[in-house]
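Quick look at query_26.pdb (PDB, C-alpha atoms and all ligand atoms):
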ATOM      1  CA  ASN A 289     -40.838   9.995-229.616
ATOM      2  CA  ALA A 290     -41.854  11.694-226.451
ATOM      3  CA  LYS A 291     -44.453  13.898-228.139
ATOM      4  CA  ASP A 292     -46.257  10.910-229.672
ATOM      5  CA  GLU A 293     -46.117   9.096-226.388
ATOM      6  CA  GLY A 294     -47.714  12.089-224.748
ATOM      7  CA  LYS A 295     -50.475  12.053-227.356
ATOM      8  CA  ASN A 296     -51.065   8.349-226.876
ATOM      9  CA  THR A 297     -51.245   8.762-223.150
ATOM     10  CA  PHE A 298     -53.739  11.546-223.645
ATOM     11  CA  ARG A 299     -55.816   9.469-226.041
ATOM     12  CA  MET A 300     -55.849   6.532-223.639
ATOM     13  CA  PHE A 301     -56.763   8.810-220.779
ATOM     14  CA  SER A 302     -59.657  10.431-222.639
ATOM     15  CA  GLU A 303     -60.942   7.055-223.865
ATOM     16  CA  GLU A 304     -60.889   5.897-220.276
ATOM     17  CA  LEU A 305     -62.775   9.016-219.240
ATOM     18  CA  ASN A 306     -65.295   8.587-222.044
ATOM     19  CA  ARG A 307     -65.861   4.998-221.186
ATOM     20  CA  SER A 308     -66.417   5.830-217.559
ATOM     21  CA  SER A 309     -68.707   8.769-218.277
ATOM     22  CA  HIS A 310     -70.649   6.642-220.767
ATOM     23  CA  GLU A 311     -70.992   3.990-218.100
ATOM     24  CA  ARG A 312     -72.164   6.560-215.591
ATOM     25  CA  ILE A 313     -74.805   7.908-217.948
ATOM     26  CA  GLN A 314     -75.983   4.373-218.656
ATOM     27  CA  LEU A 315     -76.151   3.599-214.933
ATOM     28  CA  VAL A 316     -78.068   6.776-214.074
ATOM     29  CA  HIS A 317     -80.477   6.143-216.937
ATOM     30  CA  ALA A 318     -81.148   2.587-215.763
ATOM     31  CA  LEU A 319     -81.421   3.738-212.160
ATOM     32  CA  GLN A 320     -84.132   6.220-213.120
ATOM     33  CA  HIS A 321     -86.394   3.299-213.949
ATOM     34  CA  ALA A 322     -85.192   0.865-211.314
ATOM     35  CA  MET A 323     -87.924   1.649-208.802
ATOM     36  CA  GLU A 324     -90.881   1.404-211.183
ATOM     37  CA  LYS A 325     -89.403  -1.793-212.659
ATOM     38  CA  ASN A 326     -89.165  -3.328-209.200
ATOM     39  CA  GLU A 327     -85.441  -3.876-209.540
ATOM     40  CA  LEU A 328     -84.571  -2.588-206.079
ATOM     41  CA  SER A 329     -84.747  -4.755-203.004
ATOM     42  CA  LEU A 330     -83.400  -4.790-199.484
ATOM     43  CA  HIS A 331     -81.194  -7.314-197.795
ATOM     44  CA  TYR A 332     -80.816  -7.342-194.033
ATOM     45  CA  GLN A 333     -77.671  -8.016-192.041
ATOM     46  CA  PRO A 334     -78.067  -9.073-188.408
ATOM     47  CA  LYS A 335     -76.418  -7.141-185.601
ATOM     48  CA  ILE A 336     -75.260  -9.260-182.670
ATOM     49  CA  SER A 337     -74.913  -8.326-179.014
ATOM     50  CA  ASN A 338     -71.499  -9.241-177.600
ATOM     51  CA  GLY A 339     -73.036  -9.688-174.161
ATOM     52  CA  ASP A 340     -75.145 -12.745-174.930
ATOM     53  CA  GLY A 341     -74.542 -13.486-178.608
ATOM     54  CA  ARG A 342     -78.158 -12.770-179.549
ATOM     55  CA  ILE A 343     -79.298 -11.002-182.685
ATOM     56  CA  ILE A 344     -80.770  -7.720-181.518
ATOM     57  CA  GLY A 345     -81.399  -6.035-184.824
ATOM     58  CA  VAL A 346     -80.718  -5.781-188.534
ATOM     59  CA  GLU A 347     -79.315  -3.224-190.971
ATOM     60  CA  ALA A 348     -81.165  -2.713-194.252
ATOM     61  CA  LEU A 349     -78.840  -2.749-197.285
ATOM     62  CA  LEU A 350     -79.996  -1.779-200.741
ATOM     63  CA  ARG A 351     -79.663  -4.194-203.658
ATOM     64  CA  TRP A 352     -80.144  -3.401-207.339
ATOM     65  CA  ASN A 353     -80.685  -6.148-209.848
ATOM     66  CA  SER A 354     -80.885  -4.318-213.164
ATOM     67  CA  GLU A 355     -82.533  -5.949-216.151
ATOM     68  CA  GLU A 356     -79.983  -4.272-218.422
ATOM     69  CA  LEU A 357     -76.844  -4.324-216.286
ATOM     70  CA  GLY A 358     -77.268  -7.246-213.922
ATOM     71  CA  ALA A 359     -76.466  -6.886-210.233
ATOM     72  CA  VAL A 360     -74.921  -3.498-209.452
ATOM     73  CA  THR A 361     -73.292  -3.018-206.043
ATOM     74  CA  PRO A 362     -74.171  -0.056-203.797
ATOM     75  CA  ASP A 363     -70.613   1.246-203.971
ATOM     76  CA  ARG A 364     -71.164   1.784-207.711
ATOM     77  CA  PHE A 365     -74.687   3.157-207.770
ATOM     78  CA  ILE A 366     -75.155   5.032-204.463
ATOM     79  CA  PRO A 367     -72.672   7.798-205.429
ATOM     80  CA  LEU A 368     -74.475   8.227-208.768
ATOM     81  CA  ALA A 369     -77.851   8.187-207.056
ATOM     82  CA  GLU A 370     -76.539  10.972-204.829
ATOM     83  CA  GLU A 371     -75.163  13.079-207.694
ATOM     84  CA  SER A 372     -78.397  12.729-209.668
ATOM     85  CA  ARG A 373     -80.503  13.196-206.525
ATOM     86  CA  LEU A 374     -82.309   9.950-207.345
ATOM     87  CA  ILE A 375     -81.268   9.048-203.796
ATOM     88  CA  MET A 376     -84.208  11.178-202.610
ATOM     89  CA  PRO A 377     -87.021   8.913-203.895
ATOM     90  CA  ILE A 378     -84.867   5.800-203.508
ATOM     91  CA  GLY A 379     -83.926   6.669-199.932
ATOM     92  CA  GLU A 380     -87.556   7.266-199.048
ATOM     93  CA  TRP A 381     -88.490   3.906-200.589
ATOM     94  CA  VAL A 382     -85.737   2.217-198.547
ATOM     95  CA  LEU A 383     -86.920   3.763-195.291
ATOM     96  CA  ARG A 384     -90.598   2.952-195.903
ATOM     97  CA  THR A 385     -89.914  -0.622-197.076
ATOM     98  CA  ALA A 386     -87.566  -1.390-194.184
ATOM     99  CA  CYS A 387     -89.942   0.080-191.567
ATOM    100  CA  ARG A 388     -92.867  -1.940-192.972
ATOM    101  CA  GLN A 389     -90.710  -5.059-192.849
ATOM    102  CA  GLN A 390     -89.693  -4.399-189.239
ATOM    103  CA  VAL A 391     -93.353  -4.030-188.258
ATOM    104  CA  ALA A 392     -94.269  -7.218-190.153
ATOM    105  CA  TRP A 393     -91.559  -9.084-188.225
ATOM    106  CA  ARG A 394     -92.806  -7.629-184.959
ATOM    107  CA  GLU A 395     -96.278  -8.923-185.777
ATOM    108  CA  GLN A 396     -94.719 -12.387-186.211
ATOM    109  CA  GLY A 397     -93.147 -12.104-182.763
ATOM    110  CA  LEU A 398     -89.655 -11.005-183.844
ATOM    111  CA  ASP A 399     -88.478  -7.973-181.949
ATOM    112  CA  LEU A 400     -85.643  -6.412-183.960
ATOM    113  CA  CYS A 401     -84.083  -2.987-184.055
ATOM    114  CA  LEU A 402     -83.787  -1.620-187.578
ATOM    115  CA  ALA A 403     -80.871   0.402-188.910
ATOM    116  CA  VAL A 404     -81.289   2.312-192.181
ATOM    117  CA  ASN A 405     -78.526   4.127-194.069
ATOM    118  CA  ILE A 406     -79.277   7.759-194.829
ATOM    119  CA  SER A 407     -77.249   9.610-197.434
ATOM    120  CA  ALA A 408     -75.669  13.040-196.913
ATOM    121  CA  VAL A 409     -77.967  14.322-199.669
ATOM    122  CA  GLN A 410     -81.046  13.195-197.724
ATOM    123  CA  LEU A 411     -79.646  14.697-194.530
ATOM    124  CA  LYS A 412     -79.291  18.064-196.219
ATOM    125  CA  SER A 413     -82.790  18.029-197.669
ATOM    126  CA  PRO A 414     -85.314  20.193-195.821
ATOM    127  CA  HIS A 415     -87.844  17.336-196.104
ATOM    128  CA  LEU A 416     -85.952  14.655-194.198
ATOM    129  CA  ILE A 417     -87.589  15.300-190.827
ATOM    130  CA  GLU A 418     -91.133  15.348-192.266
ATOM    131  CA  THR A 419     -90.434  12.220-194.314
ATOM    132  CA  VAL A 420     -89.079  10.282-191.340
ATOM    133  CA  GLN A 421     -91.977  11.432-189.170
ATOM    134  CA  ALA A 422     -94.554  10.495-191.823
ATOM    135  CA  ILE A 423     -93.038   7.043-192.321
ATOM    136  CA  ILE A 424     -92.938   6.399-188.567
ATOM    137  CA  GLU A 425     -96.635   7.316-188.318
ATOM    138  CA  GLU A 426     -97.677   5.472-191.453
ATOM    139  CA  THR A 427     -95.878   2.198-190.676
ATOM    140  CA  GLY A 428     -96.359   2.199-186.896
ATOM    141  CA  ILE A 429     -92.707   1.389-186.202
ATOM    142  CA  VAL A 430     -91.693   2.090-182.599
ATOM    143  CA  PRO A 431     -89.297   4.991-183.223
ATOM    144  CA  GLU A 432     -86.935   3.861-180.464
ATOM    145  CA  GLN A 433     -86.379   0.733-182.594
ATOM    146  CA  LEU A 434     -85.326   2.764-185.614
ATOM    147  CA  GLU A 435     -81.720   3.805-186.049
ATOM    148  CA  LEU A 436     -80.594   6.159-188.798
ATOM    149  CA  GLU A 437     -77.011   5.600-189.951
ATOM    150  CA  LEU A 438     -75.220   8.694-191.193
ATOM    151  CA  THR A 439     -71.679   8.499-192.455
ATOM    152  CA  GLU A 440     -69.152  10.529-190.563
ATOM    153  CA  SER A 441     -68.285  12.432-193.759
ATOM    154  CA  SER A 442     -71.879  13.646-194.161
ATOM    155  CA  LEU A 443     -71.683  15.353-190.757
ATOM    156  CA  VAL A 444     -68.506  17.363-191.293
ATOM    157  CA  ASP A 445     -69.634  20.317-193.296
ATOM    158  CA  LYS A 446     -72.018  22.779-191.626
ATOM    159  CA  PRO A 447     -71.848  21.010-188.261
ATOM    160  CA  GLU A 448     -74.110  23.572-186.555
ATOM    161  CA  GLU A 449     -76.836  22.973-189.114
ATOM    162  CA  VAL A 450     -76.305  19.221-188.865
ATOM    163  CA  THR A 451     -76.599  19.395-185.065
ATOM    164  CA  ARG A 452     -80.025  21.058-185.384
ATOM    165  CA  ILE A 453     -81.232  18.423-187.862
ATOM    166  CA  LEU A 454     -79.973  15.605-185.641
ATOM    167  CA  GLU A 455     -81.698  17.154-182.639
ATOM    168  CA  ARG A 456     -84.993  17.209-184.511
ATOM    169  CA  LEU A 457     -84.523  13.571-185.544
ATOM    170  CA  ARG A 458     -83.816  12.689-181.917
ATOM    171  CA  GLY A 459     -87.003  14.581-181.097
ATOM    172  CA  LEU A 460     -88.848  11.924-183.118
ATOM    173  CA  LYS A 461     -87.282   9.387-180.698
ATOM    174  CA  CYS A 462     -85.231   7.515-183.284
ATOM    175  CA  ASN A 463     -81.589   6.674-182.697
ATOM    176  CA  ILE A 464     -78.697   8.066-184.670
ATOM    177  CA  ALA A 465     -75.537   6.181-185.557
ATOM    178  CA  ILE A 466     -72.337   7.508-187.077
ATOM    179  CA  ASP A 467     -71.404   4.974-189.766
ATOM    180  CA  ASP A 468     -67.825   4.267-190.872
ATOM    181  CA  PHE A 469     -66.573   6.101-187.804
ATOM    182  CA  GLY A 470     -62.879   6.944-187.833
ATOM    183  CA  VAL A 471     -62.398   7.561-191.547
ATOM    184  CA  GLY A 472     -64.357  10.783-192.035
ATOM    185  CA  TYR A 473     -62.276  13.423-190.245
ATOM    186  CA  SER A 474     -64.992  14.579-187.899
ATOM    187  CA  SER A 475     -63.828  16.795-185.118
ATOM    188  CA  LEU A 476     -64.157  15.520-181.578
ATOM    189  CA  SER A 477     -65.522  18.879-180.478
ATOM    190  CA  TYR A 478     -68.527  18.419-182.771
ATOM    191  CA  LEU A 479     -69.007  14.849-181.680
ATOM    192  CA  LYS A 480     -69.633  16.217-178.200
ATOM    193  CA  ASN A 481     -72.541  18.297-179.544
ATOM    194  CA  PHE A 482     -74.068  15.768-181.931
ATOM    195  CA  PRO A 483     -76.981  13.976-180.262
ATOM    196  CA  VAL A 484     -75.672  10.648-181.508
ATOM    197  CA  THR A 485     -76.368   7.321-179.797
ATOM    198  CA  VAL A 486     -74.176   4.848-181.700
ATOM    199  CA  LEU A 487     -70.656   4.805-183.185
ATOM    200  CA  LYS A 488     -69.991   2.210-185.871
ATOM    201  CA  ILE A 489     -66.292   1.360-186.022
ATOM    202  CA  ASP A 490     -65.272   1.276-189.664
ATOM    203  CA  ARG A 491     -64.339  -2.041-191.215
ATOM    204  CA  SER A 492     -60.871  -0.756-192.074
ATOM    205  CA  PHE A 493     -59.946  -0.769-188.356
ATOM    206  CA  VAL A 494     -61.458  -4.210-187.790
ATOM    207  CA  LYS A 495     -59.697  -5.825-190.735
ATOM    208  CA  ASP A 496     -56.219  -6.156-189.205
ATOM    209  CA  LEU A 497     -57.288  -6.029-185.571
ATOM    210  CA  SER A 498     -55.583  -9.278-184.592
ATOM    211  CA  HIS A 499     -52.120  -8.362-185.898
ATOM    212  CA  ASN A 500     -52.012  -4.573-185.955
ATOM    213  CA  SER A 501     -51.571  -3.003-182.534
ATOM    214  CA  SER A 502     -52.414   0.499-183.844
ATOM    215  CA  ASP A 503     -55.794  -0.689-185.097
ATOM    216  CA  ARG A 504     -56.426  -2.315-181.751
ATOM    217  CA  ALA A 505     -55.534   0.931-179.973
ATOM    218  CA  ILE A 506     -57.852   2.883-182.287
ATOM    219  CA  ALA A 507     -60.736   0.461-181.766
ATOM    220  CA  GLN A 508     -60.184   0.578-178.001
ATOM    221  CA  SER A 509     -60.162   4.385-178.085
ATOM    222  CA  VAL A 510     -63.411   4.533-180.043
ATOM    223  CA  VAL A 511     -65.066   2.186-177.535
ATOM    224  CA  ASP A 512     -63.787   4.252-174.586
ATOM    225  CA  LEU A 513     -64.847   7.495-176.253
ATOM    226  CA  ALA A 514     -68.315   6.107-176.933
ATOM    227  CA  ASN A 515     -68.678   4.870-173.359
ATOM    228  CA  ASN A 516     -67.647   8.241-171.969
ATOM    229  CA  LEU A 517     -70.125  10.018-174.222
ATOM    230  CA  ASN A 518     -72.938   7.579-173.354
ATOM    231  CA  MET A 519     -72.965   5.999-176.779
ATOM    232  CA  VAL A 520     -72.736   2.363-177.800
ATOM    233  CA  THR A 521     -70.360   0.851-180.356
ATOM    234  CA  VAL A 522     -70.935  -1.468-183.275
ATOM    235  CA  ALA A 523     -67.996  -3.026-185.135
ATOM    236  CA  GLU A 524     -68.570  -3.685-188.831
ATOM    237  CA  GLY A 525     -66.917  -6.248-191.077
ATOM    238  CA  VAL A 526     -66.112  -8.898-188.471
ATOM    239  CA  GLU A 527     -64.956 -11.919-190.471
ATOM    240  CA  HIS A 528     -62.630 -13.805-188.175
ATOM    241  CA  PRO A 529     -62.964 -15.274-184.643
ATOM    242  CA  ASP A 530     -59.753 -13.449-183.588
ATOM    243  CA  GLN A 531     -61.337 -10.107-184.473
ATOM    244  CA  GLN A 532     -64.457 -11.105-182.558
ATOM    245  CA  ARG A 533     -62.433 -12.074-179.468
ATOM    246  CA  ILE A 534     -60.544  -8.759-179.435
ATOM    247  CA  LEU A 535     -63.749  -6.754-179.908
ATOM    248  CA  GLU A 536     -65.209  -8.534-176.879
ATOM    249  CA  GLU A 537     -62.022  -7.841-174.900
ATOM    250  CA  ILE A 538     -62.068  -4.137-175.630
ATOM    251  CA  GLY A 539     -65.736  -3.879-174.674
ATOM    252  CA  CYS A 540     -67.397  -3.228-178.029
ATOM    253  CA  SER A 541     -71.159  -3.655-177.564
ATOM    254  CA  TYR A 542     -72.321  -5.050-180.912
ATOM    255  CA  VAL A 543     -70.860  -6.674-184.010
ATOM    256  CA  GLN A 544     -71.809  -7.217-187.623
ATOM    257  CA  GLY A 545     -69.939  -9.225-190.220
ATOM    258  CA  TYR A 546     -69.686 -12.301-192.371
ATOM    259  CA  LEU A 547     -68.416 -14.299-189.360
ATOM    260  CA  HIS A 548     -71.931 -14.068-187.934
ATOM    261  CA  CYS A 549     -74.122 -13.526-190.955
ATOM    262  CA  ARG A 550     -74.056 -12.019-194.439
ATOM    263  CA  PRO A 551     -76.820  -9.656-195.524
ATOM    264  CA  VAL A 552     -79.777 -11.857-196.547
ATOM    265  CA  PRO A 553     -83.205 -11.394-198.137
ATOM    266  CA  PRO A 554     -85.976 -10.686-195.595
ATOM    267  CA  GLU A 555     -87.532 -14.167-195.876
ATOM    268  CA  GLN A 556     -84.431 -15.687-194.281
ATOM    269  CA  ILE A 557     -84.365 -13.440-191.216
ATOM    270  CA  PRO A 558     -86.997 -15.191-189.051
ATOM    271  CA  GLY A 559     -85.266 -18.583-189.387
ATOM    272  CA  ILE A 560     -81.813 -17.126-188.702
ATOM    273  CA  VAL A 561     -83.022 -15.193-185.661
ATOM    274  CA  ARG A 562     -84.888 -18.168-184.199
ATOM    275  CA  GLU A 563     -81.933 -20.461-184.730
ATOM    276  CA  ARG A 564     -79.535 -18.040-183.068
ATOM    277  CA  ASN A 565     -81.747 -16.661-180.294
ATOM    278  CA  GLY A 566     -83.685 -19.794-179.481
ATOM    279  CA  ALA A 567     -87.444 -20.206-179.647
ATOM    280  CA  ALA A 568     -89.595 -17.092-179.405
ATOM    281  CA  PRO A 569     -91.277 -16.481-176.037
ATOM    282  CA  ALA A 570     -94.512 -18.469-175.588
ATOM    283  CA  ALA A 571     -96.655 -15.330-175.713
ATOM    284  CA  HIS A 572     -95.280 -14.553-179.145
ATOM    285  CA  ALA A 573     -95.426 -18.139-180.405
ATOM    286  CA  ALA A 574     -99.120 -18.160-179.566
ATOM    287  CA  GLY A 575     -99.430 -15.119-181.806
ATOM    288  CA  GLY A 576     -98.908 -17.239-184.885
ATOM    289  CA  LEU A 577     -95.277 -18.058-185.535
ATOM    290  CA  GLU A 578     -94.923 -20.623-188.279
ATOM    291  CA  VAL A 579     -92.151 -22.689-186.641
TER     292      VAL A 579
HETATM  293  P1  LIG A 601     -72.254   0.403-194.800
HETATM  294  O1  LIG A 601     -73.520   1.049-194.378
HETATM  295  O2  LIG A 601     -71.029   0.689-194.017
HETATM  296  O3  LIG A 601     -72.584  -1.155-194.830
HETATM  297  C1  LIG A 601     -71.666  -2.174-194.570
HETATM  298  C2  LIG A 601     -71.182  -2.833-195.844
HETATM  299  O4  LIG A 601     -70.245  -3.853-195.520
HETATM  300  C3  LIG A 601     -72.280  -3.543-196.635
HETATM  301  O5  LIG A 601     -71.913  -3.492-198.019
HETATM  302  C4  LIG A 601     -72.166  -4.977-196.131
HETATM  303  O6  LIG A 601     -72.686  -5.929-197.040
HETATM  304  C5  LIG A 601     -70.673  -5.092-196.014
HETATM  305  N1  LIG A 601     -70.262  -6.092-195.025
HETATM  306  C6  LIG A 601     -70.898  -6.533-193.933
HETATM  307  N2  LIG A 601     -70.176  -7.432-193.260
HETATM  308  C7  LIG A 601     -69.021  -7.564-193.939
HETATM  309  C8  LIG A 601     -67.839  -8.370-193.734
HETATM  310  O7  LIG A 601     -67.703  -9.129-192.791
HETATM  311  N3  LIG A 601     -66.841  -8.215-194.653
HETATM  312  C9  LIG A 601     -66.960  -7.384-195.733
HETATM  313  N4  LIG A 601     -65.931  -7.329-196.584
HETATM  314  N5  LIG A 601     -68.045  -6.618-195.933
HETATM  315  C10 LIG A 601     -69.053  -6.709-195.055
HETATM  316  P2  LIG A 601     -72.966  -3.109-199.146
HETATM  317  O8  LIG A 601     -74.276  -3.749-198.846
HETATM  318  O9  LIG A 601     -72.294  -3.412-200.447
HETATM  319  O10 LIG A 601     -73.124  -1.560-198.977
HETATM  320  C11 LIG A 601     -72.043  -0.683-199.145
HETATM  321  C12 LIG A 601     -72.383   0.713-198.697
HETATM  322  O11 LIG A 601     -73.403   1.267-199.534
HETATM  323  C13 LIG A 601     -72.959   0.795-197.287
HETATM  324  O12 LIG A 601     -71.905   0.759-196.342
HETATM  325  C14 LIG A 601     -73.663   2.118-197.343
HETATM  326  O13 LIG A 601     -72.766   3.172-197.168
HETATM  327  C15 LIG A 601     -74.179   2.135-198.772
HETATM  328  N6  LIG A 601     -75.591   1.704-198.753
HETATM  329  C16 LIG A 601     -76.126   0.463-198.803
HETATM  330  N7  LIG A 601     -77.480   0.518-198.760
HETATM  331  C17 LIG A 601     -77.807   1.835-198.681
HETATM  332  C18 LIG A 601     -79.044   2.556-198.605
HETATM  333  O14 LIG A 601     -80.142   1.994-198.531
HETATM  334  N8  LIG A 601     -78.972   3.919-198.557
HETATM  335  C19 LIG A 601     -77.769   4.579-198.596
HETATM  336  N9  LIG A 601     -77.773   5.916-198.550
HETATM  337  N10 LIG A 601     -76.587   3.932-198.635
HETATM  338  C20 LIG A 601     -76.618   2.588-198.688
HETATM  339 MG    MG A 602     -74.406   1.325-192.602
HETATM  340 MG    MG A 603     -70.537   1.175-192.257
HETATM  341 MG    MG A 604     -68.016   0.914-193.856
END

Turn the structure described in the file into structure tokens.
Amino acid sequence: NAKDEGKNTFRMFSEELNRSSHERIQLVHALQHAMEKNELSLHYQPKISNGDGRIIGVEALLRWNSEELGAVTPDRFIPLAEESRLIMPIGEWVLRTACRQQVAWREQGLDLCLAVNISAVQLKSPHLIETVQAIIEETGIVPEQLELELTESSLVDKPEEVTRILERLRGLKCNIAIDDFGVGYSSLSYLKNFPVTVLKIDRSFVKDLSHNSSDRAIAQSVVDLANNLNMVTVAEGVEHPDQQRILEEIGCSYVQGYLHCRPVPPEQIPGIVRERNGAAPAAHAAGGLEV
């Protein structure tokens, strides 16, 4: 009868809940030891200039290969890292590791901008500015070559406070990108005040670009908005040549996506960049490139 059905539904629901909370506890527990066990690593996805097709930079993307749980994707563990605040030490590790890598590449003659994702939790921490400044000094990265990616949703609450933090980050000379732009309900009036340099068009608008005229209109509007506010645009998730062609037509400055390159381990970057951009300038080659 209906009452029993109700009970069964409840039992199924609570088992589901238990399973998921058990899984979350297990994940958080494993994540607590991931850094010391060397289970975290970074992959890097090239960013390509639509003007000349060259790779101008890379985005660092966190990877977790857990001894206990196998490979866990960022979509599963980043939210838990945020809730447990483990994102604080992990985020600092990401920034330091990626900046060191960028400097190591520079010393090999590869000149790449570096984008690093910063969580809303890090943005709201009073230590972010000091941490970024310390890592810039310690690693010797040229701050103009560092871009911090903040999701649009992390900017929406307390926009006045966020504006002050962003201004101080800009004071360190690094660039600021709004990631996943268009899905986070940010108000255009705040956008005007945020000292942001880059808008990253969310993958959801790129996906159906070639057959959805609304998505094309949205992408075009983001590009126009960025141009008028002196920002540049990056489209994420470009998988198909038709999407690429439209993004060029609407004047989007940079693209990232599987069409061009998947995120790869750092060892693969020099080869990929040299293949795509041509040989390094002679001055750099003399500086010890292993071709
Ligand atoms: P995101 O910053 O928007 O990064 C783009 C995501 O799209 C990456 O997923 C990338 O691998 C994926 N991607 C790139 N090109 C394509 C494509 O052509 N098609 C498809 N389907 N996907 C593509 P990933 O590496 O799984 O990261 C997911 C999200 O996790 C990131 O989204 C970012 O929000 C977060 N994340 C990753 N690494 C970090 C980190 O170090 N710190 C923080 N706070 N968040 C991170
Ligand atoms: Mg990103
Ligand atoms: Mg994104
Ligand atoms: Mg996205």

For ligand MG 603 (chain A), collect every residue having any atom at a distance of at most 8 Å from a ligand atom (counting all atoms listed in the file); output as a PyMOL selection string.
chain A and resi 439+467-469+488-491+524

Axis-aligned box for region 514-533 of chain A, 6 Å per side, centre and edges in Å as lines of an AutoDock Vina configuration file:
center_x = -66.4
center_y = -2.6
center_z = -181.5
size_x = 25.2
size_y = 37.3
size_z = 31.1

Can you tell me which residues come within 9 Å of ligand LIG 601 (chain A) when counting only C-alpha atoms and all ligand atoms, ideally as a PyMOL selection string?
chain A and resi 330-333+347-351+361-367+369-370+375+378-379+381-383+404-410+437-439+467-468+488+490-491+495+524-528+544-551

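In this structure, CA of Ala403 (chain A) sits 6.2 Å away from CA of Val346 (chain A).
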
Residues at most 12 Å from Glu426 (chain A), counting all atoms listed in the file, excluding those fewer than 6 positions away in the same chain, as a count of residues only?
9

Go through A:Val543, A:Ala392, A:Leu319, A:Ala523 one by one, measure the shortest atom-to-atom distance of each to Gly358 (chain A) using only C-alpha atoms, and give the residue with the smallest value.
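Smallest separation from Gly358 (chain A) among the options: A:Leu319.
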
Assuming the chain letters and numbering stay as they are in my file, what does the PyMOL selection byres (((chain A and resi 451-458) around 8) and not hetatm) actually select? List them as a PyMOL selection string.
chain A and resi 411+417+447-450+459-464+481-484

I'd like the interatomic distance between CA of His310 (chain A) and CA of Leu368 (chain A), to a tenth of an Å.
12.7 Å

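Of the listed residues (A:Asp512, A:Glu536, A:Glu440, A:Asp503), A:Glu440 comes nearest to ligand MG 604 (chain A); the distances count only C-alpha atoms and all ligand atoms.
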
In Å, how far is it from CA of Pro431 (chain A) to CA of Leu487 (chain A)?
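Result for CA of Pro431 (chain A) versus CA of Leu487 (chain A): 18.6 Å, one decimal.
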
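Checking A:Asn500, A:Ser308, A:Ser475, A:Ser441 one by one against ligand MG 604 (chain A), counting only C-alpha atoms and all ligand atoms, you find the shortest gap at A:Ser441.
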
Residue nearest ligand MG 602 (chain A) among A:Ile538, A:Ile557, A:Val471, A:Ile466 (counting all atoms listed in the file)
A:Ile466

Nearest to ligand MG 602 (chain A) among A:Val494, A:Leu402, A:Met519, A:Ile429, with distances taken over all atoms listed in the file: which residue is it?
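Among the listed residues, A:Leu402 lies closest to ligand MG 602 (chain A).
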
So which one's closest to Val510 (chain A), A:Ile560, A:Ile534, A:Cys540, A:Met376? Using all atoms listed in the file, please.
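Checking each candidate against Val510 (chain A), we get A:Cys540 as the closest.
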
Excluding Asn518 (chain A) and its own-chain neighbours fewer than 2 positions away, which residues fall within 10 Å of it when counting only C-alpha atoms? Please give them as an NGL selection string.
:A and (484-486 or 512-516 or 520)

List the neighbours of Ser498 (chain A) out to 8 Å using only C-alpha atoms; skip same-chain residues closer than 3 positions along the sequence, and give me the result as a PyMOL selection string.
chain A and resi 501+504+530-531+534

Near Gly341 (chain A), within 9 Å and counting all atoms listed in the file, which residues show up once chain neighbours fewer than 5 positions away are dropped, as a list in words?
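That gives Ile336, Arg564 and Asn565 of chain A.
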